[in-house]
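start-v7.cif, holding mmCIF, C-alpha atoms:
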```
data_structure
#
loop_
_atom_site.label_atom_id
_atom_site.label_comp_id
_atom_site.auth_asym_id
_atom_site.auth_seq_id
_atom_site.Cartn_x
_atom_site.Cartn_y
_atom_site.Cartn_z
CA MET M 60 66.93 -45.96 79.26
CA VAL M 61 64.29 -44.25 77.15
CA PHE M 62 61.62 -41.76 78.22
CA LEU M 63 58.68 -41.67 75.80
CA LEU M 64 56.05 -38.92 75.74
CA ASP M 65 52.39 -39.61 74.86
CA GLY M 66 52.68 -42.65 77.10
CA GLY M 67 49.14 -43.88 76.51
CA ALA M 68 49.64 -44.10 72.76
CA VAL M 69 53.13 -45.55 73.14
CA LEU M 70 51.88 -48.37 75.36
CA ASP M 71 49.76 -49.63 72.46
CA ARG M 72 53.01 -50.41 70.63
CA LEU M 73 54.88 -51.99 73.53
CA THR M 74 53.48 -55.47 73.04
CA ASP M 75 55.12 -58.52 74.57
CA ALA M 76 56.41 -59.46 71.12
CA ARG M 77 57.88 -56.00 70.58
CA LEU M 78 59.61 -55.99 73.95
CA ALA M 79 60.91 -59.51 73.41
CA GLY M 80 62.53 -58.29 70.21
CA LEU M 81 64.77 -55.84 72.05
CA PRO M 82 68.38 -56.93 72.62
CA GLN M 83 68.45 -59.10 75.73
CA ASP M 84 72.08 -58.38 76.58
CA ASN M 85 71.34 -54.69 77.19
CA PRO M 86 68.51 -54.50 79.78
CA ALA M 87 65.84 -52.02 78.71
CA VAL M 88 64.40 -49.42 81.03
CA ILE M 89 61.46 -47.76 79.28
CA VAL M 90 59.53 -44.96 80.96
CA THR M 91 56.27 -43.85 79.34
CA LEU M 92 55.19 -40.34 80.30
CA GLY M 93 51.47 -39.75 79.95
CA HIS M 94 48.43 -38.09 81.47
CA ARG M 95 45.44 -39.56 83.29
CA THR M 96 42.92 -40.07 80.50
CA ASP M 97 40.93 -42.83 78.82
CA GLN M 98 41.84 -41.37 75.43
CA ARG M 99 44.84 -42.44 73.38
CA TYR M 100 46.03 -38.84 73.36
CA ALA M 101 45.40 -36.35 76.15
CA THR M 102 44.80 -33.49 73.73
CA ALA M 103 44.28 -30.63 76.17
CA GLU M 104 47.05 -31.74 78.52
CA ARG M 105 49.65 -32.27 75.80
CA ALA M 106 48.83 -28.85 74.32
CA ARG M 107 49.45 -27.36 77.75
CA ASP M 108 52.52 -29.36 78.80
CA TYR M 109 54.44 -30.09 75.61
CA THR M 110 54.46 -26.65 74.02
CA PRO M 111 57.09 -23.94 74.62
CA PRO M 112 56.23 -20.55 76.10
CA GLY M 113 56.23 -17.41 74.01
CA SER M 114 59.22 -15.16 73.52
CA ASP M 115 58.17 -13.28 76.68
CA GLY M 116 58.08 -16.50 78.70
CA GLY M 117 54.31 -16.38 78.93
CA PRO M 118 51.57 -18.79 77.85
CA VAL M 119 50.69 -19.32 74.20
CA GLU M 120 47.28 -20.44 72.98
CA ASP M 121 47.37 -23.31 70.50
CA PRO M 122 45.60 -22.96 67.13
CA ARG M 123 42.47 -24.69 68.45
CA GLY M 124 42.23 -22.32 71.40
CA ARG M 125 43.72 -24.63 74.02
CA PRO M 126 46.05 -23.15 76.66
CA GLY M 127 49.70 -23.87 75.87
CA GLY M 128 53.22 -22.82 76.68
CA GLY M 129 53.73 -24.97 79.78
CA ALA M 130 56.87 -26.83 78.67
CA ALA M 131 59.06 -25.23 81.35
CA ASP M 132 56.78 -26.42 84.15
CA PHE M 133 56.53 -29.89 82.63
CA LEU M 134 60.30 -30.21 82.30
CA ALA M 135 60.67 -29.22 85.95
CA GLN M 136 58.03 -31.79 86.92
CA ILE M 137 59.96 -34.53 85.13
CA SER M 138 63.18 -33.62 86.92
CA GLU M 139 61.69 -33.04 90.36
CA ALA M 140 58.90 -35.62 90.54
CA VAL M 141 59.17 -38.24 87.80
CA LEU M 142 62.87 -39.08 87.96
CA PRO M 143 62.92 -39.65 91.75
CA ARG M 144 59.89 -41.92 91.40
CA VAL M 145 61.52 -43.91 88.60
CA ALA M 146 64.72 -44.22 90.65
CA ARG M 147 62.78 -46.04 93.36
CA ILE M 148 61.80 -48.87 91.00
CA ALA M 149 64.57 -49.07 88.38
CA PRO M 150 68.24 -48.18 88.03
CA ILE M 151 68.74 -44.77 86.43
CA ASP M 152 71.76 -43.85 84.34
CA LEU M 153 71.01 -40.46 82.84
CA SER M 154 74.29 -40.54 80.92
CA GLN M 155 72.62 -43.23 78.78
CA SER M 156 69.14 -41.70 78.70
CA THR M 157 67.04 -40.67 75.71
CA LEU M 158 63.97 -38.41 75.61
CA TRP M 159 61.57 -39.04 72.70
CA GLY M 160 58.46 -37.19 71.56
CA HIS M 161 56.28 -36.81 68.46
CA SER M 162 54.43 -33.76 67.08
CA TYR M 163 53.76 -31.56 70.13
CA GLY M 164 55.92 -34.09 71.96
CA GLY M 165 58.66 -33.52 69.37
CA LEU M 166 58.34 -29.82 70.06
CA PHE M 167 58.84 -30.49 73.77
CA VAL M 168 61.96 -32.52 73.00
CA LEU M 169 63.40 -29.53 71.13
CA TYR M 170 62.54 -27.27 74.05
CA ALA M 171 64.20 -29.65 76.51
CA ALA M 172 67.28 -29.98 74.31
CA SER M 173 67.58 -26.20 74.31
CA ARG M 174 67.65 -26.05 78.11
CA PRO M 175 70.95 -26.73 79.93
CA GLU M 176 69.09 -27.99 83.00
CA ALA M 177 67.34 -30.78 81.08
CA PRO M 178 68.63 -34.08 82.51
CA PHE M 179 68.76 -36.28 79.42
CA ALA M 180 71.82 -37.23 77.37
CA HIS M 181 70.15 -37.84 74.01
CA TYR M 182 67.06 -36.38 72.33
CA VAL M 183 64.81 -37.62 69.52
CA SER M 184 62.34 -35.12 68.09
CA ALA M 185 59.86 -36.81 65.75
CA SER M 186 57.74 -34.72 63.38
CA PRO M 187 57.99 -31.65 65.65
CA SER M 188 55.29 -28.99 65.28
CA LEU M 189 57.73 -26.36 64.05
CA TRP M 190 54.84 -24.10 63.02
CA TRP M 191 54.09 -23.54 66.74
CA ASP M 192 53.49 -19.88 67.62
CA HIS M 193 53.71 -18.93 63.94
CA GLY M 194 57.21 -20.39 63.75
CA ASN M 195 58.60 -18.06 66.40
CA PHE M 196 59.96 -20.89 68.56
CA LEU M 197 61.84 -22.27 65.55
CA ILE M 198 63.32 -18.83 64.91
CA ARG M 199 64.44 -18.55 68.53
CA ILE M 200 66.12 -21.94 68.78
CA THR M 201 67.82 -21.53 65.40
CA ALA M 202 69.30 -18.25 66.63
CA GLN M 203 70.36 -19.97 69.86
CA ILE M 204 72.11 -22.72 67.90
CA GLU M 205 73.86 -20.31 65.55
CA ALA M 206 75.03 -18.20 68.50
CA GLY M 207 76.72 -21.24 70.05
CA ARG M 208 74.34 -21.31 73.02
CA TRP M 209 73.22 -24.91 72.55
CA SER M 210 74.43 -28.00 74.38
CA SER M 211 76.46 -30.64 72.52
CA ARG M 212 74.04 -33.46 73.44
CA ARG M 213 72.92 -35.68 70.56
CA LEU M 214 69.70 -34.57 68.88
CA GLU M 215 68.06 -36.77 66.26
CA LEU M 216 65.23 -35.57 64.01
CA HIS M 217 62.64 -37.98 62.56
CA HIS M 218 59.83 -37.37 60.09
CA GLY M 219 57.58 -39.12 57.60
CA GLY M 220 58.44 -38.73 53.94
CA GLN M 221 54.86 -37.82 52.99
CA GLU M 222 53.93 -35.58 55.92
CA ARG M 223 53.32 -32.46 53.88
CA LYS M 224 51.67 -34.13 50.89
CA ARG M 225 49.36 -36.21 53.06
CA ALA M 226 48.59 -33.56 55.68
CA SER M 227 44.93 -33.34 56.64
CA SER M 228 42.93 -30.22 55.80
CA PRO M 229 39.96 -30.29 58.20
CA ALA M 230 36.97 -28.14 57.31
CA ASN M 231 36.27 -27.39 60.97
CA PRO M 232 36.59 -23.60 61.41
CA ASN M 233 38.45 -24.15 64.69
CA ALA M 234 41.18 -25.97 62.79
CA GLN M 235 41.78 -23.34 60.11
CA LYS M 236 44.38 -21.48 62.16
CA LEU M 237 46.35 -24.72 62.41
CA VAL M 238 46.10 -25.25 58.65
CA GLN M 239 47.31 -21.70 58.02
CA MET M 240 50.27 -21.95 60.43
CA ARG M 241 51.30 -25.27 58.97
CA ALA M 242 51.06 -23.99 55.40
CA ALA M 243 53.18 -20.93 56.24
CA LEU M 244 56.07 -23.09 57.45
CA PRO M 245 58.76 -23.53 54.76
CA PRO M 246 58.69 -27.10 53.40
CA ASP M 247 62.38 -27.52 54.24
CA ALA M 248 62.09 -26.19 57.81
CA LEU M 249 63.18 -29.46 59.41
CA GLN M 250 66.14 -29.74 57.06
CA GLY M 251 67.08 -26.15 57.85
CA LEU M 252 67.03 -26.91 61.57
CA ASP M 253 69.16 -29.98 60.98
CA ALA M 254 71.68 -27.96 58.95
CA ALA M 255 71.99 -25.41 61.76
CA LEU M 256 72.51 -28.15 64.35
CA ARG M 257 75.20 -29.95 62.38
CA ALA M 258 77.00 -26.73 61.43
CA ALA M 259 77.22 -26.04 65.17
CA GLY M 260 78.74 -29.46 65.78
CA ILE M 261 75.68 -31.00 67.44
CA PRO M 262 75.75 -34.77 66.82
CA GLY M 263 72.75 -36.45 65.20
CA GLY M 264 70.95 -36.41 61.89
CA VAL M 265 67.61 -36.70 60.10
CA THR M 266 65.79 -40.01 59.65
CA THR M 267 63.06 -40.05 57.01
CA PHE M 268 60.41 -42.78 56.98
CA PRO M 269 59.52 -43.12 53.27
CA GLY M 270 55.85 -42.91 52.38
CA LEU M 271 54.63 -42.23 55.91
CA SER M 272 52.30 -39.44 56.98
CA HIS M 273 52.58 -37.37 60.15
CA GLY M 274 50.51 -39.79 62.19
CA GLU M 275 52.11 -42.90 60.73
CA SER M 276 55.58 -41.67 61.65
CA PHE M 277 54.68 -41.97 65.35
CA GLY M 278 55.05 -45.74 65.52
CA ALA M 279 57.97 -45.91 63.12
CA SER M 280 59.87 -43.38 65.21
CA VAL M 281 59.15 -45.20 68.48
CA ASP M 282 60.49 -48.42 67.00
CA ALA M 283 63.59 -46.76 65.55
CA THR M 284 64.32 -45.02 68.84
CA LEU M 285 64.03 -48.20 70.90
CA ASN M 286 66.18 -50.14 68.45
CA ALA M 287 68.88 -47.46 68.51
CA ALA M 288 68.82 -47.04 72.28
CA PHE M 289 69.02 -50.69 73.21
CA SER M 290 71.25 -52.01 70.44
CA ALA M 291 74.08 -49.64 71.39
CA THR M 292 76.87 -51.07 73.48
CA ASP M 293 79.58 -49.25 75.36
#
```
Have the structure of the file written as C-alpha cells, please.
Amino acid sequence: MVFLLDGGAVLDRLTDARLAGLPQDNPAVIVTLGHRTDQRYATAERARDYTPPGSDGGPVEDPRGRPGGGAADFLAQISEAVLPRVARIAPIDLSQSTLWGHSYGGLFVLYAASRPEAPFAHYVSASPSLWWDHGNFLIRITAQIEAGRWSSRRLELHHGGQERKRASSPANPNAQKLVQMRAALPPDALQGLDAALRAAGIPGGVTTFPGLSHGESFGASVDATLNAAFSATD
C-alpha cells in the first residue's frame, strides 16, 4: 500500500487508465493524503504540516512568511487518525507500506524516516526541499545518520535532472528569501545525503529523471513509486 502526500495534485494523475495499468495480481491500496481546498496544492497547509520543526523543536517560518514546522503533529495525526480510518475501509499491512512526498512533501518523508515511531516500512522522498531552515534540517539528519541513529527502513530519493538549471527565479520580493536559501544549498546536497545513507547501510538509492524540472518530477516520481510498490512480489 502507498500513502501519497499532496493528495489533491496526486488525484489528477490517478486516472482510470493509470490505475488499470497497475499489476492486477497485486491488489493496490492507494491512500492520498491532502487538505480541504479547491486548489491543486494547499500551500499554507503544506507549509505548516510538511515541514520539520527547528533544532529547538519549535515552529519555523517558511521563506514566504507562512507558519511551518508542524511535521511532528502531522505525523502523529497520520498514525492516530488517518490509519484507523483507512483500516475501516481497506486491509492495512504496514510491513508493505510506502510513504511518498514531493518538495515540502519530500521533506516530510525525510522527517518521518528519521523518526522511529513513524509507521511506514518504505519511504520515497522526491525533490525534497533540503534548503529548509537554511539547510539546518539537512545538517541534523546527516549527523543522525552518521551517528548510527537512523532506522534501517528503505529510503529512496528521486529528483529531476534539470531541477537546478531550470529553477524559477521569481521577482516577487516575498520569494527572494526562498531563492537565496535554494542558491546557498550545495548542488550535490542530495547526492551527499544519499552517500551518508548508503554508508550507514540504509537500503535505497537515487533515481534521476533526465531533463525534468522540479515541478515536472512530481508526476514522474508518483508513477515510478506506484510501479515499484505494486510490481514487487513476495
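Of the listed residues M:Ala259, M:Val265, M:Ala254, M:Leu134, the one whose atoms come nearest to M:Ser184 is M:Val265, with distances taken using all atoms listed in the file.
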Original post:
Quick one: which residues end up in the PyMOL selection byres ((chain M and resi 65) around 12) for this structure, as a VMD selection string?
Top reply: chain M and resid 62 to 64 66 to 72 90 to 96 98 to 102 104 to 106 108 to 109 158 to 165 167 277 to 278 281
**OP:** May I have the residues at most 7 Å from (64.3, -47.1, 84.4) in the file's coordinates, counting only C-alpha atoms, as a VMD selection string?
**Re:** chain M and resid 60 88 to 90 145 to 146 149 to 151
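Selection check: the PyMOL selection byres ((chain M and resi 116) around 12) on the shown file gives Thr110, Pro111, Pro112, Gly113, Ser114, Asp115, Gly117, Pro118, Val119, Gly127, Gly128, Gly129, Ala130, Ala131, Asp132 and Phe196 of chain M.
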For stretch 271-273 of chain M, list every protein, DNA or RNA residue within 10 Å, evaluated using all atoms listed in the file, and leave out those in the same chain fewer than 5 positions away; present the list as a PDB file with C-alpha atoms, in the frame of the given file.
```
ATOM      1  CA  HIS M 161      56.280 -36.810  68.460  1.00  0.00           C
ATOM      2  CA  SER M 162      54.430 -33.760  67.080  1.00  0.00           C
ATOM      3  CA  ALA M 185      59.860 -36.810  65.750  1.00  0.00           C
ATOM      4  CA  SER M 186      57.740 -34.720  63.380  1.00  0.00           C
ATOM      5  CA  PRO M 187      57.990 -31.650  65.650  1.00  0.00           C
ATOM      6  CA  HIS M 218      59.830 -37.370  60.090  1.00  0.00           C
ATOM      7  CA  GLY M 219      57.580 -39.120  57.600  1.00  0.00           C
ATOM      8  CA  GLY M 220      58.440 -38.730  53.940  1.00  0.00           C
ATOM      9  CA  GLN M 221      54.860 -37.820  52.990  1.00  0.00           C
ATOM     10  CA  GLU M 222      53.930 -35.580  55.920  1.00  0.00           C
ATOM     11  CA  ARG M 223      53.320 -32.460  53.880  1.00  0.00           C
ATOM     12  CA  LYS M 224      51.670 -34.130  50.890  1.00  0.00           C
ATOM     13  CA  ARG M 225      49.360 -36.210  53.060  1.00  0.00           C
ATOM     14  CA  ALA M 226      48.590 -33.560  55.680  1.00  0.00           C
ATOM     15  CA  SER M 227      44.930 -33.340  56.640  1.00  0.00           C
ATOM     16  CA  ALA M 279      57.970 -45.910  63.120  1.00  0.00           C
TER      17      ALA M 279
END
```
**OP:** Might you spell out which residues the PyMOL selection byres ((chain M and resi 232-240) around 8) would select in the displayed file, as number ranges by chain?
**Re:** M: 122-124, 190-191, 193-194, 228-231, 241-244
Would you list the contacts of M:Arg213 as a JSON list (two decimals) with C-alpha atoms, in the coordinates of the input, taking every protein, DNA or RNA residue within 6 Å and counting all atoms listed in the file, but skipping same-chain residues closer than 3 positions in sequence?
```json
[["chain", "number", "residue", "atom", "x", "y", "z"],
["M", 181, "HIS", "CA", 70.15, -37.84, 74.01],
["M", 262, "PRO", "CA", 75.75, -34.77, 66.82],
["M", 263, "GLY", "CA", 72.75, -36.45, 65.20]]
```
